[in-house]
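Content type mmCIF, C-alpha atoms, from the file structure-v5.cif:
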```
data_run
#
loop_
_atom_site.label_atom_id
_atom_site.label_comp_id
_atom_site.auth_asym_id
_atom_site.auth_seq_id
_atom_site.Cartn_x
_atom_site.Cartn_y
_atom_site.Cartn_z
CA MET Y 1 -13.78 -7.83 -1.45
CA PRO Y 2 -12.38 -6.23 -4.63
CA ARG Y 3 -14.61 -6.30 -7.68
CA ILE Y 4 -13.96 -9.38 -9.80
CA ALA Y 5 -12.34 -8.51 -13.10
CA GLU Y 6 -14.31 -8.78 -16.28
CA ALA Y 7 -13.51 -11.55 -18.77
CA ARG Y 8 -11.76 -9.23 -21.21
CA GLN Y 9 -8.09 -8.41 -20.78
CA PRO Y 10 -7.11 -4.83 -19.86
CA ALA Y 11 -6.06 -2.70 -22.82
CA GLU Y 12 -2.40 -1.81 -23.32
CA PRO Y 13 -1.48 1.86 -23.81
CA THR Y 14 0.44 2.34 -27.04
CA SER Y 15 0.63 6.02 -27.98
CA ALA Y 16 2.46 8.65 -25.92
CA GLU Y 17 -0.88 10.22 -24.98
CA GLN Y 18 -2.29 6.89 -23.82
CA LYS Y 19 0.82 6.13 -21.78
CA ASP Y 20 0.54 9.53 -20.11
CA ARG Y 21 -3.07 8.84 -19.15
CA TYR Y 22 -2.06 5.40 -17.91
CA ARG Y 23 0.64 6.87 -15.67
CA ARG Y 24 -1.76 9.51 -14.34
CA ILE Y 25 -4.22 6.78 -13.40
CA LEU Y 26 -1.52 4.86 -11.51
CA ARG Y 27 -0.43 8.01 -9.66
CA ALA Y 28 -4.02 8.80 -8.74
CA ALA Y 29 -4.61 5.25 -7.52
CA SER Y 30 -1.42 5.40 -5.43
CA LYS Y 31 -2.50 8.65 -3.82
CA LEU Y 32 -6.09 7.63 -3.11
CA GLY Y 33 -5.14 4.10 -2.13
CA ALA Y 34 -2.72 5.47 0.45
CA GLU Y 35 -5.53 7.63 1.86
CA HIS Y 36 -8.47 5.22 1.70
CA GLY Y 37 -7.26 1.67 1.08
CA LEU Y 38 -8.81 -0.83 -1.30
CA GLU Y 39 -12.36 -1.01 0.01
CA ARG Y 40 -13.09 2.68 0.51
CA MET Y 41 -11.43 3.99 -2.62
CA GLN Y 42 -13.85 4.56 -5.50
CA MET Y 43 -12.99 4.15 -9.16
CA ASN Y 44 -14.89 7.33 -9.99
CA ASP Y 45 -12.58 9.24 -7.65
CA VAL Y 46 -9.53 7.77 -9.34
CA ALA Y 47 -10.81 8.85 -12.76
CA LYS Y 48 -11.50 12.36 -11.45
CA GLU Y 49 -8.09 12.63 -9.76
CA ALA Y 50 -6.34 11.40 -12.92
CA GLY Y 51 -8.37 13.68 -15.18
CA VAL Y 52 -9.67 10.86 -17.38
CA ALA Y 53 -13.11 9.56 -18.29
CA ILE Y 54 -14.36 6.63 -16.23
CA ALA Y 55 -14.61 4.59 -19.43
CA THR Y 56 -10.88 5.20 -20.02
CA LEU Y 57 -10.08 4.00 -16.52
CA TYR Y 58 -12.07 0.78 -16.98
CA ARG Y 59 -10.52 0.26 -20.41
CA TYR Y 60 -7.10 -0.11 -18.82
CA PHE Y 61 -8.20 -1.44 -15.43
CA PRO Y 62 -11.50 -3.36 -15.46
CA SER Y 63 -11.48 -3.68 -11.66
CA LYS Y 64 -9.82 -2.48 -8.48
CA THR Y 65 -7.82 -5.69 -8.52
CA ASP Y 66 -6.36 -4.85 -11.92
CA LEU Y 67 -5.73 -1.28 -10.81
CA PHE Y 68 -3.81 -2.05 -7.64
CA VAL Y 69 -1.86 -4.88 -9.24
CA GLY Y 70 -0.97 -2.29 -11.87
CA VAL Y 71 0.28 0.02 -9.12
CA LEU Y 72 2.32 -2.83 -7.66
CA HIS Y 73 3.67 -3.65 -11.12
CA SER Y 74 4.76 -0.03 -11.62
CA GLN Y 75 6.62 -0.05 -8.30
CA ILE Y 76 8.36 -3.29 -9.20
CA GLN Y 77 9.34 -1.83 -12.57
CA ARG Y 78 10.94 1.13 -10.79
CA LEU Y 79 12.79 -1.28 -8.51
CA SER Y 80 13.94 -3.25 -11.54
CA SER Y 81 15.14 -0.11 -13.35
CA ALA Y 82 16.97 1.14 -10.27
CA GLY Y 83 18.41 -2.31 -9.75
CA ALA Y 84 20.43 -2.05 -12.94
CA ASP Y 85 22.54 0.56 -11.13
CA VAL Y 86 22.25 -0.13 -7.41
CA ILE Y 87 21.72 -3.88 -7.03
CA ALA Y 88 25.14 -5.48 -6.83
CA VAL Y 89 25.28 -8.86 -8.48
CA GLY Y 90 25.61 -11.37 -5.67
CA THR Y 91 28.88 -13.27 -5.39
CA PRO Y 92 29.31 -16.57 -3.56
CA GLY Y 93 29.05 -15.95 0.18
CA GLU Y 94 26.83 -12.90 -0.13
CA ARG Y 95 24.08 -13.72 -2.63
CA ALA Y 96 21.42 -14.37 0.01
CA ASP Y 97 22.26 -11.04 1.66
CA ALA Y 98 22.01 -9.29 -1.71
CA VAL Y 99 18.45 -10.60 -2.11
CA ALA Y 100 17.65 -9.61 1.48
CA ASP Y 101 18.84 -6.07 0.74
CA VAL Y 102 16.49 -5.88 -2.25
CA LEU Y 103 13.51 -7.22 -0.31
CA ILE Y 104 14.14 -5.03 2.73
CA GLY Y 105 14.44 -1.94 0.54
CA ALA Y 106 11.26 -2.81 -1.33
CA GLY Y 107 9.47 -3.56 1.94
CA ARG Y 108 10.41 -0.19 3.40
CA GLY Y 109 8.98 1.52 0.36
CA LEU Y 110 5.72 -0.40 0.62
CA LEU Y 111 5.33 -0.04 4.38
CA ALA Y 112 5.84 3.72 4.21
CA ARG Y 113 2.21 3.85 3.00
CA PRO Y 114 0.47 1.04 4.92
CA GLN Y 115 -3.01 1.41 3.42
CA LEU Y 116 -1.63 1.38 -0.10
CA ALA Y 117 0.58 -1.61 0.72
CA THR Y 118 -2.41 -3.50 2.09
CA ALA Y 119 -4.44 -2.65 -1.01
CA MET Y 120 -1.70 -3.87 -3.34
CA LEU Y 121 -1.19 -7.12 -1.45
CA GLN Y 122 -4.94 -7.78 -1.30
CA ALA Y 123 -5.19 -7.16 -5.02
CA ASN Y 124 -2.17 -9.34 -5.70
CA ASN Y 125 -3.77 -12.21 -3.79
CA ALA Y 126 -7.04 -11.82 -5.70
CA ALA Y 127 -5.21 -11.60 -9.02
CA GLN Y 128 -3.27 -14.75 -8.19
CA LEU Y 129 -6.54 -16.63 -7.94
CA GLN Y 130 -7.72 -15.14 -11.23
CA GLY Y 131 -4.38 -15.69 -12.99
CA GLY Y 132 -4.57 -12.32 -14.75
CA ARG Y 133 -1.92 -10.92 -17.06
CA GLU Y 134 -0.97 -8.09 -14.70
CA TYR Y 135 -0.27 -10.55 -11.89
CA THR Y 136 1.86 -12.75 -14.13
CA GLU Y 137 3.87 -9.81 -15.50
CA ALA Y 138 4.39 -8.20 -12.10
CA ASN Y 139 5.68 -11.41 -10.57
CA ALA Y 140 7.92 -12.17 -13.53
CA ALA Y 141 9.48 -8.70 -13.27
CA PHE Y 142 10.06 -9.13 -9.54
CA HIS Y 143 11.60 -12.56 -10.06
CA ARG Y 144 14.04 -11.06 -12.57
CA VAL Y 145 15.15 -8.51 -9.95
CA LEU Y 146 15.79 -11.23 -7.40
CA LEU Y 147 17.59 -13.46 -9.89
CA ARG Y 148 19.87 -10.58 -10.85
CA ALA Y 149 20.66 -9.99 -7.16
CA LEU Y 150 21.56 -13.67 -6.95
CA GLY Y 151 23.86 -13.33 -9.94
CA VAL Y 152 21.92 -15.95 -11.92
CA ALA Y 153 22.15 -15.07 -15.60
CA GLU Y 154 20.55 -18.23 -16.99
CA PRO Y 155 18.03 -19.43 -14.40
CA GLU Y 156 16.85 -23.01 -14.29
CA ASP Y 157 13.55 -24.29 -12.93
CA GLU Y 158 15.06 -24.67 -9.48
CA ASP Y 159 16.19 -21.02 -9.48
CA PHE Y 160 12.68 -19.83 -10.32
CA ARG Y 161 11.32 -22.07 -7.60
CA MET Y 162 13.71 -20.63 -5.03
CA VAL Y 163 12.90 -16.99 -5.78
CA ARG Y 164 9.18 -17.79 -5.85
CA ILE Y 165 9.33 -19.31 -2.37
CA THR Y 166 11.43 -16.39 -1.15
CA GLU Y 167 8.95 -13.89 -2.59
CA GLN Y 168 6.04 -15.67 -0.90
CA THR Y 169 7.86 -15.61 2.43
CA TRP Y 170 8.49 -11.87 1.99
CA TYR Y 171 4.81 -11.23 1.31
CA GLY Y 172 3.91 -13.13 4.47
CA VAL Y 173 6.32 -11.08 6.57
CA LEU Y 174 4.89 -7.82 5.15
CA VAL Y 175 1.35 -8.96 5.98
CA SER Y 176 2.45 -9.64 9.56
CA VAL Y 177 3.74 -6.08 9.84
CA LEU Y 178 0.60 -4.60 8.32
CA ASN Y 179 -1.53 -6.64 10.74
CA GLY Y 180 0.49 -5.44 13.71
CA VAL Y 181 1.84 -8.89 14.55
CA ILE Y 182 5.52 -7.87 14.31
CA THR Y 183 7.41 -4.60 14.01
CA ALA Y 184 9.18 -3.35 10.90
CA GLU Y 185 12.51 -3.98 12.61
CA GLN Y 186 11.54 -7.57 13.38
CA ALA Y 187 10.38 -7.97 9.78
CA GLU Y 188 13.75 -6.94 8.40
CA ALA Y 189 15.53 -9.40 10.68
CA ASP Y 190 13.06 -12.12 9.65
CA ILE Y 191 13.60 -11.40 5.95
CA ARG Y 192 17.37 -11.55 6.30
CA LEU Y 193 17.17 -14.83 8.22
CA ALA Y 194 14.70 -16.31 5.73
CA THR Y 195 16.86 -15.48 2.71
CA ARG Y 196 19.90 -17.04 4.35
CA LEU Y 197 17.99 -20.20 5.24
CA LEU Y 198 16.26 -20.50 1.86
CA LEU Y 199 18.98 -19.31 -0.50
CA GLY Y 200 22.22 -19.70 1.42
CA PRO Y 201 22.59 -23.49 1.03
CA ARG Y 202 22.15 -23.32 -2.75
CA TYR Y 203 23.88 -20.04 -3.64
CA ASP Y 204 26.32 -19.34 -0.79
CA GLY Y 205 27.28 -22.87 0.24
CA PRO Y 206 30.40 -24.83 -0.74
CA ALA Y 207 28.79 -26.01 -4.00
CA ALA Y 208 28.12 -22.43 -5.02
CA VAL Y 209 31.65 -21.31 -4.18
CA ALA Y 210 33.13 -24.21 -6.11
#
```

Please, can you express the file's structure as structure tokens?
Amino acid sequence: MPRIAEARQPAEPTSAEQKDRYRRILRAASKLGAEHGLERMQMNDVAKEAGVAIATLYRYFPSKTDLFVGVLHSQIQRLSSAGADVIAVGTPGERADAVADVLIGAGRGLLARPQLATAMLQANNAAQLQGGREYTEANAAFHRVLLRALGVAEPEDEDFRMVRITEQTWYGVLVSVLNGVITAEQAEADIRLATRLLLGPRYDGPAAVA
């Protein structure tokens, strides 16, 4: 099990030098996590790979959970930034498919490095129980990506609920692939079907078109 985070909140990098160290830590964690997974990766090795003191690593990431949720957050941020250019705003009749395209693309990126994907999902689950800041921020960023794909500029509670359920379904499908229950091809078909069933009636149905 990942080490339980300390009571204090992780520090936020502010200066250019701190942000550079922060990014190096995330890159090191991505590399070592892809090689060793959550359990076998050591924080000391991350600090060494990133070229930072172990105290600096723990200042920003008090635990492996914080670290791998941070890696997940950074990947979601890249997806969000790219989405400004490549994610077409969904129009009635195709909004569910637009979300499916986002989730399938993100899933392919995660599944390309299975051990890292498993580590991030394990950390995300642990962070959900702890209710940490990184978990909250990562999920909020991902929800914004999905809402933009849906073409929802001013989301209501129901919109947030729909993308949250869709996200949880997506996580479950990814876990099934990582556990060898289904293939990546089956996962993509499942994700597309799930988005149509969950989102189609609200965003692509007659009420949405009207």

At a cut-off of 12 Å from (-10.8, 0.6, -17.3) in the coordinates of the file, what residues are picked up using only C-alpha atoms, written as a ChimeraX atom specification?
/Y:5-6,8-13,21-22,25-26,43-44,46-47,52-67,70

Do a neighbour search on Trp170 in chain Y at 9 Å with all atoms listed in the file, toss out local chain neighbours closer than 2 positions, and write the hits as a ChimeraX atom specification.
/Y:103-104,107,165-168,172-175,187,190-191,194

Please save C-alpha atoms of the selected residues as a PDB file, in the frame of the given file.
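This went into result_33.pdb:
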```
ATOM      1  CA  LEU Y 103      13.510  -7.220  -0.310  1.00  0.00           C
ATOM      2  CA  ILE Y 104      14.140  -5.030   2.730  1.00  0.00           C
ATOM      3  CA  GLY Y 107       9.470  -3.560   1.940  1.00  0.00           C
ATOM      4  CA  ILE Y 165       9.330 -19.310  -2.370  1.00  0.00           C
ATOM      5  CA  THR Y 166      11.430 -16.390  -1.150  1.00  0.00           C
ATOM      6  CA  GLU Y 167       8.950 -13.890  -2.590  1.00  0.00           C
ATOM      7  CA  GLN Y 168       6.040 -15.670  -0.900  1.00  0.00           C
ATOM      8  CA  GLY Y 172       3.910 -13.130   4.470  1.00  0.00           C
ATOM      9  CA  VAL Y 173       6.320 -11.080   6.570  1.00  0.00           C
ATOM     10  CA  LEU Y 174       4.890  -7.820   5.150  1.00  0.00           C
ATOM     11  CA  VAL Y 175       1.350  -8.960   5.980  1.00  0.00           C
ATOM     12  CA  ALA Y 187      10.380  -7.970   9.780  1.00  0.00           C
ATOM     13  CA  ASP Y 190      13.060 -12.120   9.650  1.00  0.00           C
ATOM     14  CA  ILE Y 191      13.600 -11.400   5.950  1.00  0.00           C
ATOM     15  CA  ALA Y 194      14.700 -16.310   5.730  1.00  0.00           C
TER      16      ALA Y 194
END
```

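Going from CA of Arg40 in chain Y over to CA of Leu72 in chain Y, you cover 18.3 Å.
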
Two-atom distance - CA of Pro114 in chain Y, CA of Arg144 in chain Y (Å)
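So the two atoms, CA of Pro114 in chain Y and CA of Arg144 in chain Y, lie 25.2 Å apart.
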
Within 9 Å of (-2.4, 2.3, 1.3), in the coordinates the file gives, what residues turn up when you count all atoms listed in the file, written out as a list in words?
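Checking each residue against the 9 Å limit leaves Ser30, Lys31, Leu32, Gly33, Ala34, Glu35, His36, Gly37, Leu38, Leu110, Leu111, Ala112, Arg113, Pro114, Gln115, Leu116, Ala117, Thr118, Ala119 and Met120 of chain Y.
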
For range 152-164 of chain Y, work out the shell of residues within 10 Å, counting all atoms listed in the file and skipping chain neighbours fewer than 2 positions away, then give it as a PyMOL selection string.
chain Y and resi 89-91+95+99+139-140+142-150+166-170+195+198-199+202-203

So how many Å separate CA of Met41 in chain Y and CA of Gln18 in chain Y, to one decimal?
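So the two atoms, CA of Met41 in chain Y and CA of Gln18 in chain Y, lie 23.3 Å apart.
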
Long-range neighbours of Arg196 in chain Y as a list in words, 9 Å cut-off, all atoms listed in the file, 4 positions minimum in chain:
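Counting only the stated atoms, we get Arg95, Ala96, Asp97, Ala100, Ile191, Arg192, Gly200, Pro201 and Asp204 of chain Y.
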
Counting only C-alpha atoms, the residue of Y:Thr14, Y:Arg27, Y:Gln75, Y:Asp101 that sits nearest Ala189 in chain Y:
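Among Y:Thr14, Y:Arg27, Y:Gln75, Y:Asp101, it is Y:Asp101 that comes nearest to Ala189 in chain Y.
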
Which is closest to Thr183 in chain Y among Y:Ala141, Y:Arg24, Y:Asn125, Y:Arg108, if we use all atoms listed in the file?
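Among the listed residues, Y:Arg108 lies closest to Thr183 in chain Y.
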
Could you complete range 162-187 of chain Y so that it carries N, CA, C and O atoms, and give it back as a compact mmCIF listing (two decimals), keeping the file's coordinate frame?
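selection.txt written:
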```txt
# COMPACT_ATOMS: atom_id res chain seq x y z
N MET Y 162 13.13 -21.23 -6.23
CA MET Y 162 13.71 -20.63 -5.03
C MET Y 162 13.28 -19.17 -4.86
O MET Y 162 12.94 -18.74 -3.75
N VAL Y 163 13.30 -18.40 -5.94
CA VAL Y 163 12.90 -16.99 -5.78
C VAL Y 163 11.39 -16.87 -5.55
O VAL Y 163 10.94 -15.96 -4.85
N ARG Y 164 10.62 -17.81 -6.09
CA ARG Y 164 9.18 -17.79 -5.85
C ARG Y 164 8.87 -18.05 -4.37
O ARG Y 164 8.04 -17.36 -3.76
N ILE Y 165 9.54 -19.02 -3.79
CA ILE Y 165 9.33 -19.31 -2.37
C ILE Y 165 9.80 -18.13 -1.51
O ILE Y 165 9.15 -17.76 -0.53
N THR Y 166 10.91 -17.54 -1.90
CA THR Y 166 11.43 -16.39 -1.15
C THR Y 166 10.46 -15.22 -1.23
O THR Y 166 10.19 -14.54 -0.22
N GLU Y 167 9.92 -14.97 -2.42
CA GLU Y 167 8.95 -13.89 -2.59
C GLU Y 167 7.71 -14.14 -1.72
O GLU Y 167 7.21 -13.22 -1.05
N GLN Y 168 7.22 -15.36 -1.69
CA GLN Y 168 6.04 -15.67 -0.90
C GLN Y 168 6.30 -15.48 0.59
O GLN Y 168 5.42 -15.01 1.33
N THR Y 169 7.50 -15.83 1.03
CA THR Y 169 7.86 -15.61 2.43
C THR Y 169 7.88 -14.11 2.74
O THR Y 169 7.39 -13.67 3.79
N TRP Y 170 8.43 -13.33 1.83
CA TRP Y 170 8.49 -11.87 1.99
C TRP Y 170 7.10 -11.28 2.09
O TRP Y 170 6.84 -10.45 2.96
N TYR Y 171 6.19 -11.71 1.23
CA TYR Y 171 4.81 -11.23 1.31
C TYR Y 171 4.21 -11.53 2.68
O TYR Y 171 3.54 -10.70 3.29
N GLY Y 172 4.45 -12.74 3.17
CA GLY Y 172 3.91 -13.13 4.47
C GLY Y 172 4.44 -12.27 5.60
O GLY Y 172 3.68 -11.88 6.51
N VAL Y 173 5.72 -11.94 5.55
CA VAL Y 173 6.32 -11.08 6.57
C VAL Y 173 5.70 -9.68 6.50
O VAL Y 173 5.37 -9.08 7.54
N LEU Y 174 5.50 -9.15 5.29
CA LEU Y 174 4.89 -7.82 5.15
C LEU Y 174 3.47 -7.82 5.72
O LEU Y 174 3.06 -6.86 6.39
N VAL Y 175 2.71 -8.87 5.44
CA VAL Y 175 1.35 -8.96 5.98
C VAL Y 175 1.37 -8.95 7.50
O VAL Y 175 0.52 -8.32 8.15
N SER Y 176 2.34 -9.62 8.09
CA SER Y 176 2.45 -9.64 9.56
C SER Y 176 2.70 -8.25 10.11
O SER Y 176 2.16 -7.88 11.16
N VAL Y 177 3.51 -7.46 9.41
CA VAL Y 177 3.74 -6.08 9.84
C VAL Y 177 2.46 -5.26 9.71
O VAL Y 177 2.07 -4.54 10.64
N LEU Y 178 1.80 -5.37 8.57
CA LEU Y 178 0.60 -4.60 8.32
C LEU Y 178 -0.52 -4.96 9.29
O LEU Y 178 -1.36 -4.12 9.63
N ASN Y 179 -0.53 -6.20 9.77
CA ASN Y 179 -1.53 -6.64 10.74
C ASN Y 179 -1.12 -6.37 12.18
O ASN Y 179 -1.85 -6.73 13.11
N GLY Y 180 0.05 -5.78 12.37
CA GLY Y 180 0.49 -5.44 13.71
C GLY Y 180 1.02 -6.60 14.52
O GLY Y 180 1.16 -6.52 15.74
N VAL Y 181 1.35 -7.71 13.85
CA VAL Y 181 1.84 -8.89 14.55
C VAL Y 181 3.31 -8.72 14.94
O VAL Y 181 3.74 -9.14 16.02
N ILE Y 182 4.10 -8.13 14.05
CA ILE Y 182 5.52 -7.87 14.31
C ILE Y 182 5.84 -6.44 13.91
O ILE Y 182 5.06 -5.79 13.20
N THR Y 183 6.98 -5.94 14.36
CA THR Y 183 7.41 -4.60 14.01
C THR Y 183 8.18 -4.62 12.69
O THR Y 183 8.60 -5.68 12.21
N ALA Y 184 8.40 -3.44 12.13
CA ALA Y 184 9.18 -3.35 10.90
C ALA Y 184 10.61 -3.83 11.13
O ALA Y 184 11.21 -4.46 10.25
N GLU Y 185 11.15 -3.54 12.30
CA GLU Y 185 12.51 -3.98 12.61
C GLU Y 185 12.58 -5.50 12.68
O GLU Y 185 13.52 -6.12 12.17
N GLN Y 186 11.58 -6.11 13.33
CA GLN Y 186 11.54 -7.57 13.38
C GLN Y 186 11.39 -8.16 11.98
O GLN Y 186 11.98 -9.20 11.66
N ALA Y 187 10.60 -7.49 11.14
CA ALA Y 187 10.38 -7.97 9.78
C ALA Y 187 11.69 -8.01 9.00
O ALA Y 187 11.96 -8.97 8.27
```
